[in-house]
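Data block below; observations after.
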Amino acid sequence: MIDNEKYEQLLANAGIRVTAMRLMILRTLHTQIHGAFSLQDLSGLLPTADNSTLFRSMTLFAEKQLVHQIDDGSGIQKYCVCHCDEHDPEHHHHGHVHLSCTVCHRTFCLENIEIPQVPIPAGFEPVEAEFIVKVVCPKCKEKLYR
């Protein structure tokens, strides 16, 4: 199946050993999830996978930059499939903007809006940047202001 070859190649390029479970998780991330998601969201799509396997896989995928982690302040770890250019390591440092709904706690990726450059004082080495805008999403806004 050509589809499997694509995901096998993504895993191999990231230096991740291909297993049936990792392949199933990666395919699910690319075909059934759009935007930010939690382990609970992923678990709902893969009910036969145990949570510890999902957690270990997502941790590995984050380490290898197949997904990026989002700390939106909700207390629930979120992830987003990384569509960064693998040949441009600088892109991984910039990332993109996220919106976090203060009512339903969903997080939305604005993949086309990069985090603005911030001048870093001499002597500091940037490691990671997150840009979260707290919002009320359209669905929650509609419910709140009826």
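Note on naming: chains are A, B, ... as they come in the structure tokens, residues start from 1 per chain, ligands start from 1 in the order shown.
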
For Asp3 in chain A: contacts at 12 Å, only C-alpha atoms, fewer than 6 positions along chain excluded, given as a list in words: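 Listed by chain and then number, they are Gln9, Leu10, Leu23, Met24, Leu26, Arg27, Thr28, His30 and Thr31 of chain A.
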
Same residues, all heavy atoms, saved as a compact mmCIF listing (two decimals), in the first residue's frame:
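Listed below is the output, again-v6.txt:
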# COMPACT_ATOMS: atom_id res chain seq x y z
N GLN A 9 8.24 6.00 5.55
CA GLN A 9 9.35 6.87 5.18
C GLN A 9 9.48 8.04 6.16
O GLN A 9 10.59 8.41 6.54
CB GLN A 9 9.18 7.39 3.75
CG GLN A 9 10.42 8.05 3.19
CD GLN A 9 11.58 7.07 3.09
OE1 GLN A 9 11.45 5.98 2.54
NE2 GLN A 9 12.73 7.45 3.61
N LEU A 10 8.35 8.62 6.59
CA LEU A 10 8.39 9.70 7.58
C LEU A 10 9.04 9.22 8.87
O LEU A 10 9.88 9.92 9.46
CB LEU A 10 6.97 10.22 7.87
CG LEU A 10 6.35 11.17 6.86
CD1 LEU A 10 4.88 11.41 7.19
CD2 LEU A 10 7.11 12.48 6.81
N LEU A 23 3.03 3.23 13.09
CA LEU A 23 2.51 3.48 11.75
C LEU A 23 1.03 3.86 11.83
O LEU A 23 0.59 4.83 11.19
CB LEU A 23 2.71 2.24 10.89
CG LEU A 23 2.65 2.38 9.39
CD1 LEU A 23 3.65 3.39 8.89
CD2 LEU A 23 2.92 1.02 8.76
N MET A 24 0.27 3.12 12.62
CA MET A 24 -1.16 3.41 12.77
C MET A 24 -1.38 4.78 13.41
O MET A 24 -2.23 5.55 12.98
CB MET A 24 -1.83 2.32 13.62
CG MET A 24 -3.32 2.52 13.79
SD MET A 24 -4.13 1.15 14.65
CE MET A 24 -3.44 1.29 16.28
N LEU A 26 0.74 7.41 13.42
CA LEU A 26 1.16 8.47 12.49
C LEU A 26 0.14 8.66 11.37
O LEU A 26 -0.21 9.80 11.02
CB LEU A 26 2.54 8.16 11.92
CG LEU A 26 3.17 9.28 11.09
CD1 LEU A 26 3.38 10.53 11.93
CD2 LEU A 26 4.49 8.82 10.49
N ARG A 27 -0.37 7.57 10.83
CA ARG A 27 -1.39 7.66 9.78
C ARG A 27 -2.64 8.36 10.32
O ARG A 27 -3.22 9.22 9.66
CB ARG A 27 -1.73 6.27 9.24
CG ARG A 27 -2.70 6.33 8.07
CD ARG A 27 -3.01 4.97 7.44
NE ARG A 27 -3.12 3.87 8.39
CZ ARG A 27 -2.23 2.87 8.47
NH1 ARG A 27 -1.18 2.83 7.68
NH2 ARG A 27 -2.40 1.90 9.34
N THR A 28 -3.04 8.05 11.55
CA THR A 28 -4.19 8.68 12.17
C THR A 28 -3.96 10.19 12.33
O THR A 28 -4.84 11.00 12.05
CB THR A 28 -4.51 8.04 13.53
OG1 THR A 28 -4.79 6.66 13.32
CG2 THR A 28 -5.69 8.72 14.21
N HIS A 30 -2.13 12.12 10.56
CA HIS A 30 -2.12 12.80 9.26
C HIS A 30 -3.46 12.76 8.54
O HIS A 30 -3.71 13.61 7.69
CB HIS A 30 -1.03 12.21 8.37
CG HIS A 30 0.33 12.75 8.68
ND1 HIS A 30 0.89 13.81 8.01
CD2 HIS A 30 1.23 12.38 9.62
CE1 HIS A 30 2.08 14.08 8.52
NE2 HIS A 30 2.31 13.21 9.50
N THR A 31 -4.30 11.79 8.86
CA THR A 31 -5.53 11.66 8.08
C THR A 31 -6.81 12.02 8.84
O THR A 31 -7.82 12.32 8.22
CB THR A 31 -5.68 10.22 7.54
OG1 THR A 31 -5.74 9.30 8.64
CG2 THR A 31 -4.54 9.86 6.60

Applying 8 Å and only C-alpha atoms, which residues near Glu130 in chain A remain after dropping the ones on its own chain fewer than 3 positions away? List them as a PyMOL selection string. chain A and resi 70-71+95-97+115

I need the alpha helix (DSSP H) residues of range 2-145 of chain A per DSSP on the backbone, written as a PyMOL selection string. chain A and resi 2-13+20-32+39-45+51-63+89-94+138-144

Between CA of Val67 in chain A and CA of Gln117 in chain A, what is the distance, to one decimal in Å?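 Between these atoms lies a distance of 21.7 Å.
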
Name all residues at most 6 Å from Leu99 in chain A (count only C-alpha atoms; drop same-chain ones fewer than 2 positions away) and give them as a ChimeraX atom specification. /A:107-108,132-134

Neighbouring residues of Thr59 in chain A were defined as those with any atom within 12 Å, considering only C-alpha atoms; residues of the same chain fewer than 5 positions away were excluded. Please report them as a PyMOL selection string. chain A and resi 16+22+39+52-54+64-69+77-79

Would you list the contacts of Ser74 in chain A as a PyMOL selection string, taking every protein, DNA or RNA residue within 10 Å and counting only C-alpha atoms, but skipping same-chain residues closer than 4 positions in sequence? chain A and resi 78+100-102+104-107

Let me see the file: selected residues, all heavy atoms, as a JSON list (two decimals), in the first residue's frame.
[["chain", "number", "residue", "atom", "x", "y", "z"],
["A", 78, "LYS", "N", -1.08, 19.38, 24.75],
["A", 78, "LYS", "CA", -1.63, 19.31, 23.40],
["A", 78, "LYS", "C", -0.48, 19.10, 22.42],
["A", 78, "LYS", "O", 0.67, 19.41, 22.71],
["A", 78, "LYS", "CB", -2.36, 20.62, 23.06],
["A", 78, "LYS", "CG", -3.44, 21.01, 24.05],
["A", 78, "LYS", "CD", -4.81, 20.58, 23.62],
["A", 78, "LYS", "CE", -5.88, 20.91, 24.61],
["A", 78, "LYS", "NZ", -6.22, 22.30, 24.72],
["A", 100, "SER", "N", -6.16, 29.75, 21.90],
["A", 100, "SER", "CA", -6.67, 28.85, 22.93],
["A", 100, "SER", "C", -7.97, 29.44, 23.48],
["A", 100, "SER", "O", -7.99, 30.55, 24.01],
["A", 100, "SER", "CB", -5.64, 28.70, 24.05],
["A", 100, "SER", "OG", -6.16, 27.87, 25.06],
["A", 101, "CYS", "N", -9.06, 28.68, 23.34],
["A", 101, "CYS", "CA", -10.36, 29.15, 23.82],
["A", 101, "CYS", "C", -10.42, 29.02, 25.34],
["A", 101, "CYS", "O", -10.19, 27.94, 25.90],
["A", 101, "CYS", "CB", -11.49, 28.35, 23.18],
["A", 101, "CYS", "SG", -13.13, 28.89, 23.73],
["A", 102, "THR", "N", -10.73, 30.11, 26.00],
["A", 102, "THR", "CA", -10.80, 30.13, 27.47],
["A", 102, "THR", "C", -12.06, 29.46, 27.99],
["A", 102, "THR", "O", -12.17, 29.22, 29.19],
["A", 102, "THR", "CB", -10.73, 31.57, 28.00],
["A", 102, "THR", "OG1", -11.82, 32.31, 27.45],
["A", 102, "THR", "CG2", -9.41, 32.23, 27.64],
["A", 104, "CYS", "N", -13.94, 26.52, 26.14],
["A", 104, "CYS", "CA", -13.94, 25.08, 25.87],
["A", 104, "CYS", "C", -12.54, 24.45, 25.93],
["A", 104, "CYS", "O", -12.40, 23.24, 25.86],
["A", 104, "CYS", "CB", -14.57, 24.78, 24.52],
["A", 104, "CYS", "SG", -13.63, 25.41, 23.10],
["A", 105, "HIS", "N", -11.51, 25.27, 26.03],
["A", 105, "HIS", "CA", -10.12, 24.84, 26.15],
["A", 105, "HIS", "C", -9.57, 24.14, 24.91],
["A", 105, "HIS", "O", -8.56, 23.46, 24.98],
["A", 105, "HIS", "CB", -9.89, 23.98, 27.39],
["A", 105, "HIS", "CG", -10.33, 24.65, 28.64],
["A", 105, "HIS", "ND1", -9.67, 25.73, 29.18],
["A", 105, "HIS", "CD2", -11.40, 24.43, 29.44],
["A", 105, "HIS", "CE1", -10.30, 26.14, 30.25],
["A", 105, "HIS", "NE2", -11.36, 25.37, 30.43],
["A", 106, "ARG", "N", -10.25, 24.33, 23.77],
["A", 106, "ARG", "CA", -9.69, 23.82, 22.52],
["A", 106, "ARG", "C", -8.59, 24.77, 22.06],
["A", 106, "ARG", "O", -8.63, 25.96, 22.33],
["A", 106, "ARG", "CB", -10.76, 23.67, 21.44],
["A", 106, "ARG", "CG", -11.73, 22.54, 21.74],
["A", 106, "ARG", "CD", -12.71, 22.32, 20.62],
["A", 106, "ARG", "NE", -13.30, 23.60, 20.24],
["A", 106, "ARG", "CZ", -13.98, 23.80, 19.12],
["A", 106, "ARG", "NH1", -14.18, 22.84, 18.28],
["A", 106, "ARG", "NH2", -14.50, 24.98, 18.86],
["A", 107, "THR", "N", -7.61, 24.22, 21.37],
["A", 107, "THR", "CA", -6.51, 25.00, 20.85],
["A", 107, "THR", "C", -6.50, 24.87, 19.33],
["A", 107, "THR", "O", -6.67, 23.79, 18.80],
["A", 107, "THR", "CB", -5.16, 24.52, 21.43],
["A", 107, "THR", "OG1", -5.22, 24.66, 22.85],
["A", 107, "THR", "CG2", -4.00, 25.32, 20.89]]

Taking only C-alpha atoms into account, which of A:Ala62, A:Val118, A:Val81, A:Val18 comes nearest Gln32 in chain A? A:Val81

Give the answer as one residue: which of A:Asn13, A:Ile113, A:Met21, A:Gly75 has the shortest atom-to-atom distance to Asp50 in chain A, using only C-alpha atoms?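 Nearest to Asp50 in chain A: A:Met21.
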
Which residue gives the smallest distance to Ala14 in chain A among A:Phe61, A:Phe55, A:Phe37, A:Phe131, with only C-alpha atoms counted?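 Ranked by minimum distance to Ala14 in chain A, first place goes to A:Phe61.
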
With a distance cut-off of 9 Å and only C-alpha atoms, select the neighbouring residues of His34 in chain A, excluding the residue or stretch itself and same-chain residues fewer than 5 positions from it, and output the selection as a count of residues only. 4

Every residue of chain A that DSSP places in strand (DSSP E), as a VMD selection string: chain A and resid 37 to 38 67 to 70 78 to 81 96 to 101 107 to 114 132 to 135

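What separates CA of Ser38 in chain A from CA of Tyr145 in chain A is a distance of 27.7 Å.
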